[in-house]
$ cat upload-v3.pdb   # PDB, C-alpha atoms and all ligand atoms
ATOM      1  CA  MET A   1     164.605 267.978  86.798
ATOM      2  CA  SER A   2     162.224 265.029  86.312
ATOM      3  CA  ILE A   3     163.470 261.559  87.153
ATOM      4  CA  LEU A   4     160.420 260.069  85.421
ATOM      5  CA  SER A   5     158.239 261.323  82.616
ATOM      6  CA  LEU A   6     155.293 259.511  81.037
ATOM      7  CA  GLN A   7     153.959 260.933  77.803
ATOM      8  CA  ASN A   8     150.594 259.720  76.546
ATOM      9  CA  VAL A   9     151.204 256.114  77.655
ATOM     10  CA  SER A  10     148.510 253.541  76.851
ATOM     11  CA  LYS A  11     148.099 249.814  77.419
ATOM     12  CA  SER A  12     145.250 247.442  76.582
ATOM     13  CA  PHE A  13     144.609 243.823  77.437
ATOM     14  CA  GLU A  14     142.640 242.717  74.375
ATOM     15  CA  SER A  15     139.670 245.108  74.246
ATOM     16  CA  LEU A  16     140.186 246.420  77.804
ATOM     17  CA  LYS A  17     142.076 249.729  77.891
ATOM     18  CA  VAL A  18     143.788 249.683  81.276
ATOM     19  CA  THR A  19     146.126 252.646  80.785
ATOM     20  CA  ASP A  20     144.609 255.434  78.743
ATOM     21  CA  GLY A  21     146.840 258.276  77.528
ATOM     22  CA  VAL A  22     148.629 258.728  80.855
ATOM     23  CA  SER A  23     151.041 261.672  81.108
ATOM     24  CA  PHE A  24     152.799 262.982  84.203
ATOM     25  CA  ASP A  25     156.245 263.996  85.452
ATOM     26  CA  VAL A  26     157.933 263.175  88.743
ATOM     27  CA  PRO A  27     160.666 265.580  89.894
ATOM     28  CA  LYS A  28     163.789 264.054  91.444
ATOM     29  CA  GLY A  29     163.360 263.545  95.177
ATOM     30  CA  GLU A  30     159.566 263.785  95.210
ATOM     31  CA  ALA A  31     157.183 261.361  96.925
ATOM     32  CA  LEU A  32     154.067 260.906  94.762
ATOM     33  CA  GLY A  33     151.041 258.914  95.900
ATOM     34  CA  ILE A  34     148.754 257.064  93.481
ATOM     35  CA  ILE A  35     145.155 256.335  94.417
ATOM     36  CA  GLY A  36     142.148 255.014  92.548
ATOM     37  CA  PRO A  37     139.427 252.379  92.785
ATOM     38  CA  ASN A  38     140.153 248.650  92.453
ATOM     39  CA  GLY A  39     140.950 247.837  88.850
ATOM     40  CA  ALA A  40     141.754 251.460  87.931
ATOM     41  CA  GLY A  41     145.076 250.347  86.448
ATOM     42  CA  LYS A  42     147.475 251.324  89.237
ATOM     43  CA  SER A  43     149.587 248.160  89.292
ATOM     44  CA  THR A  44     149.576 248.060  85.490
ATOM     45  CA  LEU A  45     151.039 251.566  85.522
ATOM     46  CA  PHE A  46     153.843 250.333  87.791
ATOM     47  CA  ASN A  47     154.486 247.404  85.457
ATOM     48  CA  LEU A  48     154.819 249.833  82.547
ATOM     49  CA  ILE A  49     157.265 252.019  84.506
ATOM     50  CA  THR A  50     159.391 249.023  85.546
ATOM     51  CA  GLY A  51     159.291 247.379  82.116
ATOM     52  CA  ASN A  52     157.444 244.272  83.332
ATOM     53  CA  LEU A  53     154.889 245.306  80.696
ATOM     54  CA  MET A  54     155.540 247.195  77.464
ATOM     55  CA  SER A  55     153.215 250.057  76.520
ATOM     56  CA  ASP A  56     151.216 250.006  73.280
ATOM     57  CA  ASN A  57     151.693 253.744  72.738
ATOM     58  CA  GLY A  58     153.462 256.701  74.273
ATOM     59  CA  LYS A  59     156.909 257.295  75.740
ATOM     60  CA  ILE A  60     158.522 256.702  79.124
ATOM     61  CA  PHE A  61     161.637 258.659  80.109
ATOM     62  CA  TYR A  62     163.704 257.716  83.165
ATOM     63  CA  ASP A  63     166.603 259.873  84.330
ATOM     64  CA  GLY A  64     166.631 261.772  81.031
ATOM     65  CA  ARG A  65     166.661 258.656  78.828
ATOM     66  CA  ASP A  66     163.934 257.103  76.701
ATOM     67  CA  VAL A  67     163.333 253.682  78.346
ATOM     68  CA  THR A  68     160.058 252.896  76.573
ATOM     69  CA  ARG A  69     161.457 249.666  75.056
ATOM     70  CA  VAL A  70     164.165 248.975  77.661
ATOM     71  CA  PRO A  71     163.654 245.603  79.439
ATOM     72  CA  ALA A  72     162.834 245.395  83.160
ATOM     73  CA  MET A  73     166.226 244.024  84.219
ATOM     74  CA  ARG A  74     168.079 246.954  82.635
ATOM     75  CA  ARG A  75     165.699 249.503  84.206
ATOM     76  CA  CYS A  76     166.281 247.852  87.585
ATOM     77  CA  LEU A  77     170.068 248.020  87.147
ATOM     78  CA  ASN A  78     169.662 251.704  86.256
ATOM     79  CA  GLY A  79     167.835 252.378  89.529
ATOM     80  CA  VAL A  80     164.133 251.578  89.167
ATOM     81  CA  GLY A  81     163.223 249.465  92.221
ATOM     82  CA  ARG A  82     159.855 248.167  93.318
ATOM     83  CA  SER A  83     157.918 246.267  95.935
ATOM     84  CA  PHE A  84     155.072 243.955  94.994
ATOM     85  CA  GLN A  85     151.493 244.059  96.277
ATOM     86  CA  ILE A  86     151.781 240.405  97.299
ATOM     87  CA  PRO A  87     155.273 239.844  98.729
ATOM     88  CA  GLN A  88     156.802 236.668  97.348
ATOM     89  CA  PRO A  89     160.150 236.239  99.075
ATOM     90  CA  PHE A  90     162.109 232.993  98.821
ATOM     91  CA  GLU A  91     160.393 231.418 101.828
ATOM     92  CA  LYS A  92     163.178 228.992 102.718
ATOM     93  CA  LEU A  93     165.985 231.515 102.398
ATOM     94  CA  THR A  94     166.777 233.750 105.354
ATOM     95  CA  VAL A  95     165.965 237.440 105.364
ATOM     96  CA  PHE A  96     169.611 238.264 104.663
ATOM     97  CA  GLU A  97     169.869 235.709 101.852
ATOM     98  CA  ASN A  98     166.725 237.172 100.262
ATOM     99  CA  LEU A  99     168.368 240.587 100.252
ATOM    100  CA  VAL A 100     171.620 239.309  98.815
ATOM    101  CA  VAL A 101     169.739 237.648  95.928
ATOM    102  CA  ALA A 102     167.964 240.942  95.169
ATOM    103  CA  GLY A 103     171.232 242.866  95.460
ATOM    104  CA  ALA A 104     173.196 240.408  93.304
ATOM    105  CA  PHE A 105     170.692 240.693  90.453
ATOM    106  CA  GLY A 106     169.622 244.290  90.912
ATOM    107  CA  ARG A 107     172.867 246.223  91.248
ATOM    108  CA  ASP A 108     176.063 246.352  89.238
ATOM    109  CA  THR A 109     178.559 246.068  92.099
ATOM    110  CA  SER A 110     180.934 243.500  93.609
ATOM    111  CA  GLU A 111     179.787 240.697  95.912
ATOM    112  CA  ALA A 112     181.489 242.369  98.891
ATOM    113  CA  GLU A 113     179.673 245.650  98.220
ATOM    114  CA  VAL A 114     176.339 243.836  97.898
ATOM    115  CA  THR A 115     176.875 242.081 101.238
ATOM    116  CA  GLN A 116     177.850 245.330 102.957
ATOM    117  CA  ALA A 117     174.894 247.232 101.452
ATOM    118  CA  CYS A 118     172.446 244.477 102.464
ATOM    119  CA  ALA A 119     173.650 244.595 106.079
ATOM    120  CA  GLU A 120     173.085 248.378 106.124
ATOM    121  CA  ILE A 121     169.609 247.989 104.584
ATOM    122  CA  LEU A 122     168.665 245.492 107.302
ATOM    123  CA  GLU A 123     169.512 248.200 109.847
ATOM    124  CA  ARG A 124     167.553 250.890 107.998
ATOM    125  CA  THR A 125     164.485 248.676 107.685
ATOM    126  CA  GLU A 126     164.709 247.439 111.300
ATOM    127  CA  MET A 127     165.170 243.841 110.174
ATOM    128  CA  ILE A 128     168.687 243.269 111.480
ATOM    129  CA  ASP A 129     167.402 241.120 114.380
ATOM    130  CA  ARG A 130     165.584 238.904 111.879
ATOM    131  CA  ALA A 131     168.540 238.533 109.480
ATOM    132  CA  ASN A 132     168.902 234.777 109.961
ATOM    133  CA  VAL A 133     165.207 233.897 110.106
ATOM    134  CA  PRO A 134     163.732 232.092 107.069
ATOM    135  CA  ALA A 135     161.350 234.459 105.242
ATOM    136  CA  GLY A 136     158.553 231.904 105.571
ATOM    137  CA  GLN A 137     158.508 232.415 109.344
ATOM    138  CA  LEU A 138     157.972 236.187 109.295
ATOM    139  CA  ARG A 139     154.870 237.988 110.550
ATOM    140  CA  LEU A 140     153.012 240.360 108.223
ATOM    141  CA  LEU A 141     154.823 243.584 109.197
ATOM    142  CA  GLU A 142     158.162 241.804 108.879
ATOM    143  CA  ARG A 143     157.184 240.467 105.449
ATOM    144  CA  LYS A 144     156.345 244.016 104.402
ATOM    145  CA  ARG A 145     159.659 245.240 105.792
ATOM    146  CA  LEU A 146     161.478 242.463 103.928
ATOM    147  CA  GLU A 147     159.667 243.461 100.723
ATOM    148  CA  LEU A 148     160.824 247.039 101.233
ATOM    149  CA  ALA A 149     164.355 245.878 102.047
ATOM    150  CA  ARG A 150     164.492 243.694  98.915
ATOM    151  CA  ALA A 151     163.549 246.699  96.805
ATOM    152  CA  LEU A 152     166.231 248.800  98.533
ATOM    153  CA  ALA A 153     168.798 246.059  97.925
ATOM    154  CA  THR A 154     168.640 246.935  94.211
ATOM    155  CA  ASP A 155     169.843 250.465  95.108
ATOM    156  CA  PRO A 156     166.912 252.371  93.619
ATOM    157  CA  LYS A 157     166.894 256.047  92.714
ATOM    158  CA  LEU A 158     163.203 255.644  91.978
ATOM    159  CA  LEU A 159     161.309 253.367  94.383
ATOM    160  CA  LEU A 160     157.820 252.121  93.527
ATOM    161  CA  LEU A 161     155.774 250.857  96.482
ATOM    162  CA  ASP A 162     152.644 248.834  95.698
ATOM    163  CA  GLU A 163     150.186 248.792  98.625
ATOM    164  CA  ILE A 164     152.857 248.109 101.196
ATOM    165  CA  ALA A 165     150.708 249.287 104.138
ATOM    166  CA  GLY A 166     147.694 247.061 103.423
ATOM    167  CA  GLY A 167     146.555 244.765 106.254
ATOM    168  CA  LEU A 168     148.683 246.325 108.995
ATOM    169  CA  THR A 169     147.401 247.572 112.349
ATOM    170  CA  ASP A 170     147.591 251.333 112.975
ATOM    171  CA  ALA A 171     150.697 250.986 115.135
ATOM    172  CA  GLU A 172     152.433 248.754 112.562
ATOM    173  CA  CYS A 173     151.462 251.168 109.823
ATOM    174  CA  GLN A 174     152.972 254.110 111.747
ATOM    175  CA  SER A 175     156.284 252.313 112.208
ATOM    176  CA  LEU A 176     156.449 251.439 108.497
ATOM    177  CA  ILE A 177     155.586 255.034 107.558
ATOM    178  CA  GLN A 178     158.552 256.243 109.615
ATOM    179  CA  THR A 179     160.880 253.934 107.687
ATOM    180  CA  ILE A 180     159.459 255.115 104.349
ATOM    181  CA  ARG A 181     159.875 258.748 105.460
ATOM    182  CA  ASP A 182     163.536 258.064 106.276
ATOM    183  CA  ILE A 183     164.068 256.527 102.831
ATOM    184  CA  HIS A 184     162.413 259.559 101.249
ATOM    185  CA  LYS A 185     164.593 261.921 103.327
ATOM    186  CA  SER A 186     167.706 260.136 102.068
ATOM    187  CA  GLY A 187     166.863 261.442  98.573
ATOM    188  CA  VAL A 188     165.142 258.443  96.961
ATOM    189  CA  THR A 189     162.210 259.412  94.721
ATOM    190  CA  ILE A 190     159.109 257.450  95.730
ATOM    191  CA  ILE A 191     155.894 256.585  93.910
ATOM    192  CA  TRP A 192     153.496 254.853  96.263
ATOM    193  CA  ILE A 193     150.197 253.150  95.399
ATOM    194  CA  GLU A 194     148.119 252.843  98.554
ATOM    195  CA  HIS A 195     144.528 252.410  99.707
ATOM    196  CA  VAL A 196     145.471 253.405 103.286
ATOM    197  CA  LEU A 197     145.029 257.114 102.634
ATOM    198  CA  HIS A 198     146.241 258.502 105.954
ATOM    199  CA  ALA A 199     149.510 256.603 105.510
ATOM    200  CA  LEU A 200     149.946 257.969 102.025
ATOM    201  CA  THR A 201     149.086 261.573 102.752
ATOM    202  CA  SER A 202     151.423 261.641 105.749
ATOM    203  CA  VAL A 203     154.368 261.053 103.395
ATOM    204  CA  VAL A 204     153.662 262.218  99.842
ATOM    205  CA  GLU A 205     153.905 265.756  98.456
ATOM    206  CA  ARG A 206     151.441 265.097  95.611
ATOM    207  CA  LEU A 207     148.645 262.675  94.811
ATOM    208  CA  LEU A 208     147.715 261.283  91.409
ATOM    209  CA  VAL A 209     144.235 259.826  90.933
ATOM    210  CA  LEU A 210     143.573 257.108  88.372
ATOM    211  CA  ASP A 211     140.138 256.021  87.208
ATOM    212  CA  PHE A 212     139.547 253.586  84.334
ATOM    213  CA  GLY A 213     143.202 254.013  83.362
ATOM    214  CA  ARG A 214     142.976 257.809  83.063
ATOM    215  CA  VAL A 215     144.607 260.442  85.252
ATOM    216  CA  ILE A 216     141.697 262.421  86.679
ATOM    217  CA  GLY A 217     143.732 264.568  89.025
ATOM    218  CA  ILE A 218     147.262 265.303  90.161
ATOM    219  CA  GLY A 219     148.321 267.830  92.767
ATOM    220  CA  GLU A 220     148.720 268.670  96.420
ATOM    221  CA  PRO A 221     146.886 266.028  98.556
ATOM    222  CA  GLY A 222     144.522 268.474 100.303
ATOM    223  CA  GLU A 223     143.435 269.965  96.994
ATOM    224  CA  ILE A 224     142.980 266.561  95.361
ATOM    225  CA  MET A 225     140.846 265.182  98.197
ATOM    226  CA  GLU A 226     138.633 268.287  98.031
ATOM    227  CA  SER A 227     138.028 267.871  94.293
ATOM    228  CA  ARG A 228     134.431 267.062  93.405
ATOM    229  CA  GLU A 229     135.382 264.468  90.753
ATOM    230  CA  VAL A 230     137.733 262.628  93.104
ATOM    231  CA  ARG A 231     135.195 262.550  95.931
ATOM    232  CA  GLU A 232     132.481 261.231  93.632
ATOM    233  CA  ILE A 233     134.570 258.669  91.776
ATOM    234  CA  TYR A 234     137.093 257.531  94.329
ATOM    235  CA  LEU A 235     135.326 257.937  97.648
ATOM    236  CA  GLY A 236     131.786 257.368  96.349
ATOM    237  CA  ILE A 237     130.665 260.513  98.172
ATOM    238  CA  GLU A 238     127.903 262.473  96.501
ATOM    239  CA  VAL A 239     128.732 266.160  96.525
TER
HETATM  240  N1  LIG B 301     147.922 240.590  82.504
HETATM  241  C1  LIG B 301     146.640 240.964  82.417
HETATM  242  N2  LIG B 301     145.812 240.414  81.504
HETATM  243  C2  LIG B 301     144.519 240.812  81.405
HETATM  244  N3  LIG B 301     143.939 241.737  82.195
HETATM  245  C3  LIG B 301     144.708 242.298  83.142
HETATM  246  C4  LIG B 301     146.101 241.947  83.314
HETATM  247  N4  LIG B 301     146.606 242.690  84.339
HETATM  248  C5  LIG B 301     145.597 243.457  84.787
HETATM  249  N5  LIG B 301     144.470 243.231  84.083
HETATM  250  C6  LIG B 301     143.179 243.901  84.264
HETATM  251  O1  LIG B 301     143.438 245.290  84.154
HETATM  252  C7  LIG B 301     142.628 246.015  85.070
HETATM  253  C8  LIG B 301     143.518 246.879  85.953
HETATM  254  O2  LIG B 301     144.268 246.033  86.812
HETATM  255  P1  LIG B 301     145.343 246.615  87.846
HETATM  256  O3  LIG B 301     145.824 245.460  88.657
HETATM  257  O4  LIG B 301     146.336 247.432  87.128
HETATM  258  O5  LIG B 301     144.407 247.564  88.727
HETATM  259  P2  LIG B 301     144.692 248.201  90.160
HETATM  260  O6  LIG B 301     144.204 249.611  90.092
HETATM  261  O7  LIG B 301     146.093 247.974  90.564
HETATM  262  O8  LIG B 301     143.699 247.359  91.089
HETATM  263  P3  LIG B 301     143.783 247.003  92.685
HETATM  264  O9  LIG B 301     143.571 248.293  93.435
HETATM  265  O10 LIG B 301     142.651 246.052  92.868
HETATM  266  O11 LIG B 301     145.133 246.384  92.918
HETATM  267  C9  LIG B 301     141.795 244.996  85.842
HETATM  268  O12 LIG B 301     140.544 244.903  85.216
HETATM  269  C10 LIG B 301     142.592 243.715  85.657
HETATM  270  O13 LIG B 301     141.757 242.593  85.704
END

$ encode --input "upload-v3.pdb" --output "structure tokens" --more "lines below"
Ligand SMILES: Nc1ncnc2c1ncn2[C@@H]1O[C@H](COP(=O)(O)OP(=O)(O)OP(=O)(O)O)[C@@H](O)[C@H]1O
Amino acid sequence: MSILSLQNVSKSFESLKVTDGVSFDVPKGEALGIIGPNGAGKSTLFNLITGNLMSDNGKIFYDGRDVTRVPAMRRCLNGVGRSFQIPQPFEKLTVFENLVVAGAFGRDTSEAEVTQACAEILERTEMIDRANVPAGQLRLLERKRLELARALATDPKLLLLDEIAGGLTDAECQSLIQTIRDIHKSGVTIIWIEHVLHALTSVVERLLVLDFGRVIGIGEPGEIMESREVREIYLGIEV
């Protein structure tokens, strides 16, 4: 069964069509990667799925329900979690406090349950040693881990990751990949936008390619990367 289904979804900013008749389904438990050139409309697609933006046309179904006009907060409470391309934690709050804020707003449970869940998430994301450090003092990998942890604090069934591996060294990237794999193994459905292709293809089962707001390919990563259109458009390789 699909946890997410987009049917002919479009979005324009004035005369610029940024999402152009996008349709795809994501089965429960899948990890799907999204690639495409800068400005292809990847983050906009995330904003449409989370409800941060409303589509002009088309339908979005989440967990069997039509959420096309459902506001972002409600979608989050129902299990749509996300990380942002540019992490913006509360810099003066500690790592733990940042998580508790996300948990308090993003899940429908008691304060005690939020606190307990946040402590567990700090373990899972290897941030437990940094629990009492103000977010403003974190290094890049830790900021990325905090961003991931904040998304997990909302107890997502569907987790959207927006370029979480960007700017990391290879070793840092590998350690983050392992954490994302563990989250995936625990049953969370993941959609991951990423320019770091080796990171993406080491986790996802399928890749979706966006270009000028259109889906130009979706399928098994090896097949997608071999496709002539993808190589020409995305990689700039003449074939
Ligand atoms: N709120 C907005 N108002 C006007 N134009 C916007 C808005 N948000 C995005 N755009 C434009 O829509 C296009 C797609 O942007 P988007 O951020 O979705 O692309 P992207 O594929 O995520 O790019 P990148 O890989 O650089 O992050 C860009 O031309 C961008 O300038």

$ resolve_selection --input "upload-v3.pdb" --expression "the PyMOL selection byres (((not hetatm)) within 6 of (chain B and resi 301))" --output "VMD selection string"
chain A and resid 13 18 37 to 44

$ closest_residue --input "upload-v3.pdb" --among "A:Thr50, A:Ser202, A:Thr94, A:Thr154" --to "Leu77 in chain A" --atoms "only C-alpha atoms"
A:Thr154

$ resolve_selection --input "upload-v3.pdb" --expression "the PyMOL selection byres (((chain A and resi 177) around 10) and not hetatm)" --output "PyMOL selection string"
chain A and resi 164-165+171-176+178-183+199-200+202-203

$ resolve_selection --input "upload-v3.pdb" --expression "the PyMOL selection byres (((chain A and resi 7) around 10) and not hetatm)" --output "list in words"
Ser5, Leu6, Asn8, Val9, Ser10, Gly21, Val22, Ser23, Phe24, Asp25, Asn57, Gly58, Lys59, Ile60 and Phe61 of chain A

$ residues_around --input "upload-v3.pdb" --residues "range 79-86 of chain A" --least-positions-apart "2" --cutoff "6 Å" --atoms "all atoms listed in the file" --output "VMD selection string"
chain A and resid 75 to 77 147 151 156 to 163

$ closest_residue --input "upload-v3.pdb" --among "A:Asn47, A:Ser12, A:Thr68, A:Asn98" --to "Leu152 in chain A" --atoms "only C-alpha atoms"
A:Asn98

$ atom_distance --input "upload-v3.pdb" --atom1 "CA of Tyr62 in chain A" --atom2 "CA of Ser2 in chain A"
8.1 Å

$ build_atoms --input "upload-v3.pdb" --residues "range 88-112 of chain A" --atoms "N, CA and C atoms" --output "PDB file, in the frame of the given file"
ATOM      1  N   GLN A  88     156.481 238.068  97.628  1.00  0.00           N
ATOM      2  CA  GLN A  88     156.802 236.668  97.348  1.00  0.00           C
ATOM      3  C   GLN A  88     158.290 236.436  97.542  1.00  0.00           C
ATOM      4  N   PRO A  89     158.739 236.498  98.820  1.00  0.00           N
ATOM      5  CA  PRO A  89     160.150 236.239  99.075  1.00  0.00           C
ATOM      6  C   PRO A  89     160.449 234.750  98.876  1.00  0.00           C
ATOM      7  N   PHE A  90     161.737 234.417  98.818  1.00  0.00           N
ATOM      8  CA  PHE A  90     162.109 232.993  98.821  1.00  0.00           C
ATOM      9  C   PHE A  90     161.912 232.522 100.260  1.00  0.00           C
ATOM     10  N   GLU A  91     160.845 231.738 100.470  1.00  0.00           N
ATOM     11  CA  GLU A  91     160.393 231.418 101.828  1.00  0.00           C
ATOM     12  C   GLU A  91     161.435 230.656 102.647  1.00  0.00           C
ATOM     13  N   LYS A  92     162.232 229.821 101.963  1.00  0.00           N
ATOM     14  CA  LYS A  92     163.178 228.992 102.718  1.00  0.00           C
ATOM     15  C   LYS A  92     164.513 229.688 102.941  1.00  0.00           C
ATOM     16  N   LEU A  93     164.749 230.752 102.184  1.00  0.00           N
ATOM     17  CA  LEU A  93     165.985 231.515 102.398  1.00  0.00           C
ATOM     18  C   LEU A  93     165.790 232.454 103.583  1.00  0.00           C
ATOM     19  N   THR A  94     166.884 232.793 104.245  1.00  0.00           N
ATOM     20  CA  THR A  94     166.777 233.750 105.354  1.00  0.00           C
ATOM     21  C   THR A  94     166.521 235.144 104.799  1.00  0.00           C
ATOM     22  N   VAL A  95     166.182 236.040 105.723  1.00  0.00           N
ATOM     23  CA  VAL A  95     165.965 237.440 105.364  1.00  0.00           C
ATOM     24  C   VAL A  95     167.209 237.989 104.661  1.00  0.00           C
ATOM     25  N   PHE A  96     168.367 237.735 105.243  1.00  0.00           N
ATOM     26  CA  PHE A  96     169.611 238.264 104.663  1.00  0.00           C
ATOM     27  C   PHE A  96     169.865 237.669 103.278  1.00  0.00           C
ATOM     28  N   GLU A  97     169.654 236.351 103.161  1.00  0.00           N
ATOM     29  CA  GLU A  97     169.869 235.709 101.852  1.00  0.00           C
ATOM     30  C   GLU A  97     168.923 236.287 100.793  1.00  0.00           C
ATOM     31  N   ASN A  98     167.678 236.564 101.193  1.00  0.00           N
ATOM     32  CA  ASN A  98     166.725 237.172 100.262  1.00  0.00           C
ATOM     33  C   ASN A  98     167.249 238.509  99.742  1.00  0.00           C
ATOM     34  N   LEU A  99     167.844 239.276 100.648  1.00  0.00           N
ATOM     35  CA  LEU A  99     168.368 240.587 100.252  1.00  0.00           C
ATOM     36  C   LEU A  99     169.560 240.445  99.317  1.00  0.00           C
ATOM     37  N   VAL A 100     170.420 239.492  99.636  1.00  0.00           N
ATOM     38  CA  VAL A 100     171.620 239.309  98.815  1.00  0.00           C
ATOM     39  C   VAL A 100     171.230 238.889  97.391  1.00  0.00           C
ATOM     40  N   VAL A 101     170.203 238.044  97.272  1.00  0.00           N
ATOM     41  CA  VAL A 101     169.739 237.648  95.928  1.00  0.00           C
ATOM     42  C   VAL A 101     169.274 238.887  95.166  1.00  0.00           C
ATOM     43  N   ALA A 102     168.466 239.723  95.826  1.00  0.00           N
ATOM     44  CA  ALA A 102     167.964 240.942  95.169  1.00  0.00           C
ATOM     45  C   ALA A 102     169.128 241.854  94.794  1.00  0.00           C
ATOM     46  N   GLY A 103     170.082 241.992  95.710  1.00  0.00           N
ATOM     47  CA  GLY A 103     171.232 242.866  95.460  1.00  0.00           C
ATOM     48  C   GLY A 103     172.128 242.345  94.346  1.00  0.00           C
ATOM     49  N   ALA A 104     172.315 241.010  94.312  1.00  0.00           N
ATOM     50  CA  ALA A 104     173.196 240.408  93.304  1.00  0.00           C
ATOM     51  C   ALA A 104     172.636 240.611  91.899  1.00  0.00           C
ATOM     52  N   PHE A 105     171.302 240.532  91.769  1.00  0.00           N
ATOM     53  CA  PHE A 105     170.692 240.693  90.453  1.00  0.00           C
ATOM     54  C   PHE A 105     170.388 242.149  90.129  1.00  0.00           C
ATOM     55  N   GLY A 106     170.151 242.952  91.160  1.00  0.00           N
ATOM     56  CA  GLY A 106     169.622 244.290  90.912  1.00  0.00           C
ATOM     57  C   GLY A 106     170.627 245.418  90.955  1.00  0.00           C
ATOM     58  N   ARG A 107     171.877 245.132  91.283  1.00  0.00           N
ATOM     59  CA  ARG A 107     172.867 246.223  91.248  1.00  0.00           C
ATOM     60  C   ARG A 107     174.155 245.721  90.618  1.00  0.00           C
ATOM     61  N   ASP A 108     174.875 246.670  90.031  1.00  0.00           N
ATOM     62  CA  ASP A 108     176.063 246.352  89.238  1.00  0.00           C
ATOM     63  C   ASP A 108     177.326 246.497  90.067  1.00  0.00           C
ATOM     64  N   THR A 109     177.385 245.870  91.245  1.00  0.00           N
ATOM     65  CA  THR A 109     178.559 246.068  92.099  1.00  0.00           C
ATOM     66  C   THR A 109     179.127 244.716  92.518  1.00  0.00           C
ATOM     67  N   SER A 110     180.263 244.745  93.214  1.00  0.00           N
ATOM     68  CA  SER A 110     180.934 243.500  93.609  1.00  0.00           C
ATOM     69  C   SER A 110     180.138 242.798  94.719  1.00  0.00           C
ATOM     70  N   GLU A 111     180.467 241.509  94.894  1.00  0.00           N
ATOM     71  CA  GLU A 111     179.787 240.697  95.912  1.00  0.00           C
ATOM     72  C   GLU A 111     179.970 241.308  97.304  1.00  0.00           C
ATOM     73  N   ALA A 112     181.191 241.786  97.564  1.00  0.00           N
ATOM     74  CA  ALA A 112     181.489 242.369  98.891  1.00  0.00           C
ATOM     75  C   ALA A 112     180.630 243.614  99.126  1.00  0.00           C
TER      76      ALA A 112
END
